[in-house]
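Colleague: Below you will find the structure I want to go over with you.
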Amino acid sequence: MLRDIDLSGFEKITAKDLPTECMVSSGHRACQGCGEVLAMGMVTKAAGPNTIVANATGCMEIISSPFPETAWKIPWIHVAFENAAAVASGVEAAVKALMRRGALKDRPHIIAFGGDGSTADIGFGALSGAFERGHKFLYVCLDNEAYMNTGIQRSSSTPYGASTTTSPAGKKSIGQHTQKKNLPLIAAAHGIPYVATASPAFYLDLMNKVRKALSVDGPSYIHIYAPCPTGWGMPGSKSIEIAKLAVQTNVFPLYEVVGGRFALTKKVAKPQPVTDYLKAQRRFRHLSDKEAAFIQQTVDGNLDYLQRLVAATNPEPAKAKKPKAKAAPAKKAAKKK
Ligand SMILES: Cc1ncc(C[n+]2csc(CCOP(=O)(O)OP(=O)(O)O)c2C)c(N)n1
Ligand code: SF4
């Protein structure tokens, strides 16, 4: 269902007024070039210090909170693998109760972070429930396309053809043989006010999507592409380059869905071939030309589907009908004398 969403509370960030205070301090234990921690820093910078975070188990919890230390400068709750969205729902209910009582004046932002394993697989039910109940919170999926924290196991967000420790490529297998679950579309199907995809390579786009998401009255979801040099088999210095390539090849299109209306937020004028993206990562290096062509076909098909959604949810306003030219008054028949 299409509906109008009030984005009047959205405060746009420009390159000139980038927030500088990061809520995740340096000195954390992420690998070099980790896209997840980079994205998490951008999200929390855009949200600001009045924010409460619920963080599912995964790399981001492990690297930011080795007891007795923490990299977090804001209230942060480490929750189980499956229930980040449920805990965020509870925090939101508590915030509402405190505000009703006048015990809390300034409403904090509530953000749940989960990896793709946590979001697409084990925490999926809790997420769907929180969307359906309509809690005002932002859920961010940091998608590094596998269960990285426990040793690079495939998730339902692992792309077709990727080699992981539980979908290893070999003589009889191309690696992951199922297609990546489309989480942003599934989130949009819940009819929540705001859904977007984002990438740390396009930081202004990412941060403004966070600001929009936090300004709406209800649940919001941002799916962030998060390169993982360790799991993908590439140098840490290539993370942002790969994140850009994912967008330039249309492997990961950037778009948002506001009140059910789809819009591409970065249109790629001259897409690069998918092989440029595949050959830069060890997890895809075993793929043959035939398999790469199949992946290209899938990418093109997915983009076509997205473009159809954009067209279908933004119908052109019906053209005003031209007023009919007035018929010339019929000549009065000459009166017979
Ligand atoms: C119920 C349950 N099953 C399994 C685990 C073990 N476990 C902890 S983190 C993790 C992987 C996390 O993967 P993902 O959510 O993709 O986040 P990433 O580490 O990739 O950031 C697993 C399997 C657990 N903590 N709880
Ligand atoms: S394994 Fe990947 S996601 Fe985890 S900290 Fe290292 S680079 Fe980041």
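Letters A, B, ... mark the chains of the structure tokens in the order given; residue numbers begin at 1 per chain; ligand numbers begin at 1, in order shown.
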Output as a tab-separated table one row per residue of chain A within 6 Å of ligand 2: the closest atom pair and its distance in Å to one decimal place, counting only C-alpha atoms and all ligand atoms, sorted by chain and residue number ascending.
Modeller:
```
residue	atom	partner	partner_atom_place_in_ligand_line	distance
A:Ala30	CA	ligand 2	5 (S)	4.0
A:Cys31	CA	ligand 2	6 (Fe)	4.2
A:Cys34	CA	ligand 2	7 (S)	3.8
A:Glu36	CA	ligand 2	3 (S)	5.6
A:Cys59	CA	ligand 2	4 (Fe)	4.6
A:Met148	CA	ligand 2	1 (S)	5.1
A:Asn149	CA	ligand 2	4 (Fe)	5.6
A:Cys228	CA	ligand 2	2 (Fe)	3.9
A:Pro229	CA	ligand 2	7 (S)	5.2
A:Thr230	CA	ligand 2	2 (Fe)	5.2
A:Gly231	CA	ligand 2	2 (Fe)	5.7
```
Colleague: Find the residues near ligand 1. Use a cut-off of 6 Å, count only C-alpha atoms and all ligand atoms, and write them as a PDB file with N, CA and C atoms, in the first residue's frame.
Modeller:
```
ATOM      1  N   THR A  57      24.753 -10.609  18.831  1.00  0.00           N
ATOM      2  CA  THR A  57      26.058 -11.293  18.799  1.00  0.00           C
ATOM      3  C   THR A  57      26.566 -11.381  17.366  1.00  0.00           C
ATOM      4  N   GLY A  58      27.854 -11.242  17.210  1.00  0.00           N
ATOM      5  CA  GLY A  58      28.465 -11.282  15.883  1.00  0.00           C
ATOM      6  C   GLY A  58      29.765 -10.505  15.973  1.00  0.00           C
ATOM      7  N   CYS A  59      30.405 -10.291  14.832  1.00  0.00           N
ATOM      8  CA  CYS A  59      31.691  -9.588  14.840  1.00  0.00           C
ATOM      9  C   CYS A  59      31.641  -8.263  15.590  1.00  0.00           C
ATOM     10  N   MET A  60      30.583  -7.466  15.338  1.00  0.00           N
ATOM     11  CA  MET A  60      30.568  -6.112  15.895  1.00  0.00           C
ATOM     12  C   MET A  60      30.457  -6.077  17.413  1.00  0.00           C
ATOM     13  N   PHE A  81      21.881 -13.704  19.668  1.00  0.00           N
ATOM     14  CA  PHE A  81      21.961 -13.753  18.214  1.00  0.00           C
ATOM     15  C   PHE A  81      20.586 -13.496  17.586  1.00  0.00           C
ATOM     16  N   GLY A 114      22.438  -5.934  13.534  1.00  0.00           N
ATOM     17  CA  GLY A 114      22.635  -7.380  13.424  1.00  0.00           C
ATOM     18  C   GLY A 114      23.408  -7.674  12.151  1.00  0.00           C
ATOM     19  N   GLY A 115      24.183  -8.734  12.164  1.00  0.00           N
ATOM     20  CA  GLY A 115      24.844  -9.187  10.934  1.00  0.00           C
ATOM     21  C   GLY A 115      23.806  -9.850  10.042  1.00  0.00           C
ATOM     22  N   ASP A 116      24.249 -10.315   8.873  1.00  0.00           N
ATOM     23  CA  ASP A 116      23.265 -10.947   7.979  1.00  0.00           C
ATOM     24  C   ASP A 116      22.808 -12.303   8.527  1.00  0.00           C
ATOM     25  N   GLY A 117      23.678 -13.006   9.242  1.00  0.00           N
ATOM     26  CA  GLY A 117      23.251 -14.277   9.844  1.00  0.00           C
ATOM     27  C   GLY A 117      22.163 -14.017  10.865  1.00  0.00           C
ATOM     28  N   SER A 118      22.412 -13.020  11.685  1.00  0.00           N
ATOM     29  CA  SER A 118      21.445 -12.660  12.719  1.00  0.00           C
ATOM     30  C   SER A 118      20.133 -12.171  12.100  1.00  0.00           C
ATOM     31  N   ASN A 144      27.760  -8.681   5.632  1.00  0.00           N
ATOM     32  CA  ASN A 144      29.059  -9.124   5.080  1.00  0.00           C
ATOM     33  C   ASN A 144      28.919 -10.500   4.430  1.00  0.00           C
ATOM     34  N   ALA A 146      28.028 -13.516   5.218  1.00  0.00           N
ATOM     35  CA  ALA A 146      28.306 -14.827   5.846  1.00  0.00           C
ATOM     36  C   ALA A 146      28.377 -14.648   7.363  1.00  0.00           C
ATOM     37  N   TYR A 147      28.409 -15.777   8.060  1.00  0.00           N
ATOM     38  CA  TYR A 147      28.609 -15.745   9.518  1.00  0.00           C
ATOM     39  C   TYR A 147      30.115 -15.619   9.724  1.00  0.00           C
ATOM     40  N   MET A 148      30.614 -14.390   9.840  1.00  0.00           N
ATOM     41  CA  MET A 148      32.068 -14.199   9.858  1.00  0.00           C
ATOM     42  C   MET A 148      32.668 -14.488  11.227  1.00  0.00           C
ATOM     43  N   ASN A 149      31.952 -14.087  12.264  1.00  0.00           N
ATOM     44  CA  ASN A 149      32.511 -14.174  13.603  1.00  0.00           C
ATOM     45  C   ASN A 149      32.881 -15.590  14.010  1.00  0.00           C
ATOM     46  N   THR A 150      32.127 -16.564  13.479  1.00  0.00           N
ATOM     47  CA  THR A 150      32.380 -17.943  13.888  1.00  0.00           C
ATOM     48  C   THR A 150      33.144 -18.731  12.824  1.00  0.00           C
TER      49      THR A 150
END
```
Colleague: Excluding same-chain residues fewer than 6 positions from Lys244 of chain A, what lies within 10 Å of it counting only C-alpha atoms, as a PyMOL selection string?
Modeller: chain A and resi 199-202+238+250+252+277
Colleague: Taking only C-alpha atoms into account, name the residue in A:Ala71, A:Lys136, A:Arg107, A:Gln248 that is nearest to Asp217 of chain A.
Modeller: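 Among A:Ala71, A:Lys136, A:Arg107, A:Gln248, it is A:Lys136 that comes nearest to Asp217 of chain A.
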Colleague: As an NGL selection string, list the residues of segment 10-169 of chain A assigned to strand (DSSP E or B) by DSSP on the backbone atoms of this structure.
Modeller: :A and (24 or 51-56 or 72 or 76-79 or 109-115 or 138-143 or 147 or 153 or 164 or 167 or 169)
Colleague: Between A:Ala84, A:Ala56, A:Ile222, A:Val24, single out the one closest to Thr70 of chain A, counting only C-alpha atoms.
Modeller: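 Of A:Ala84, A:Ala56, A:Ile222, A:Val24, the one nearest Thr70 of chain A, counting only C-alpha atoms, is A:Val24.
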Colleague: Rounded to one decimal, what separation in Å do you get between atom CA of Thr164 of chain A and atom CA of Thr178 of chain A?
Modeller: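 Taking atom CA of Thr164 of chain A and atom CA of Thr178 of chain A, their separation equals 12.8 Å.
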Colleague: With segment 262-267 of chain A as the partner and 7 Å as the cut-off, tabulate the residues of segment 217-257 of chain A that qualify, each row holding the nearest pair of atoms and their distance in Å to one decimal, using only C-alpha atoms, sorted by chain and rising number, as JSON lines.
Modeller:
```
{"residue": "A:Leu254", "atom": "CA", "partner": "A:Thr265", "partner_atom": "CA", "distance": 5.6}
{"residue": "A:Tyr255", "atom": "CA", "partner": "A:Leu264", "partner_atom": "CA", "distance": 4.2}
{"residue": "A:Glu256", "atom": "CA", "partner": "A:Ala263", "partner_atom": "CA", "distance": 5.5}
{"residue": "A:Val257", "atom": "CA", "partner": "A:Phe262", "partner_atom": "CA", "distance": 4.4}
```
Colleague: Would you output that residue set with N, CA and C atoms, as a PDB file, in the first residue's frame?
Modeller:
```
ATOM      1  N   LEU A 254      21.686   0.966  -4.916  1.00  0.00           N
ATOM      2  CA  LEU A 254      21.281   1.821  -3.787  1.00  0.00           C
ATOM      3  C   LEU A 254      19.889   2.372  -4.060  1.00  0.00           C
ATOM      4  N   TYR A 255      18.989   2.137  -3.120  1.00  0.00           N
ATOM      5  CA  TYR A 255      17.614   2.625  -3.296  1.00  0.00           C
ATOM      6  C   TYR A 255      16.953   2.835  -1.954  1.00  0.00           C
ATOM      7  N   GLU A 256      15.808   3.497  -1.987  1.00  0.00           N
ATOM      8  CA  GLU A 256      15.020   3.615  -0.761  1.00  0.00           C
ATOM      9  C   GLU A 256      13.546   3.400  -1.087  1.00  0.00           C
ATOM     10  N   VAL A 257      12.801   3.048  -0.059  1.00  0.00           N
ATOM     11  CA  VAL A 257      11.366   2.806  -0.210  1.00  0.00           C
ATOM     12  C   VAL A 257      10.670   3.633   0.872  1.00  0.00           C
TER      13      VAL A 257
END
```
Colleague: At a cut-off of 8 Å, using only C-alpha atoms, what residues contact His109 of chain A? Leave out same-chain residues fewer than 4 positions from it and give the result as a list in words.
Modeller: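 Listing them by chain and then by number gives Ala47, Asn50, Thr51, Ile52, Phe137 and Leu214 of chain A.
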Colleague: I need the chosen residues saved as an mmCIF file, in the first residue's frame, with N, CA and C atoms.
Modeller:
```
data_model
loop_
_atom_site.group_PDB
_atom_site.id
_atom_site.type_symbol
_atom_site.label_atom_id
_atom_site.label_comp_id
_atom_site.auth_asym_id
_atom_site.auth_seq_id
_atom_site.Cartn_x
_atom_site.Cartn_y
_atom_site.Cartn_z
ATOM 1 N N ALA A 47 23.267 9.436 13.838
ATOM 2 C CA ALA A 47 22.224 9.387 14.874
ATOM 3 C C ALA A 47 22.536 10.338 16.024
ATOM 4 N N ASN A 50 22.400 10.885 21.571
ATOM 5 C CA ASN A 50 21.185 10.468 22.286
ATOM 6 C C ASN A 50 20.588 9.216 21.621
ATOM 7 N N THR A 51 21.333 8.138 21.723
ATOM 8 C CA THR A 51 20.965 6.905 21.017
ATOM 9 C C THR A 51 21.220 5.693 21.913
ATOM 10 N N ILE A 52 20.319 4.736 21.841
ATOM 11 C CA ILE A 52 20.506 3.471 22.570
ATOM 12 C C ILE A 52 20.639 2.359 21.520
ATOM 13 N N PHE A 137 11.753 2.319 15.774
ATOM 14 C CA PHE A 137 13.184 2.027 15.923
ATOM 15 C C PHE A 137 13.778 1.769 14.549
ATOM 16 N N LEU A 214 15.407 7.633 11.005
ATOM 17 C CA LEU A 214 15.142 7.984 12.410
ATOM 18 C C LEU A 214 14.050 9.045 12.542
#
```
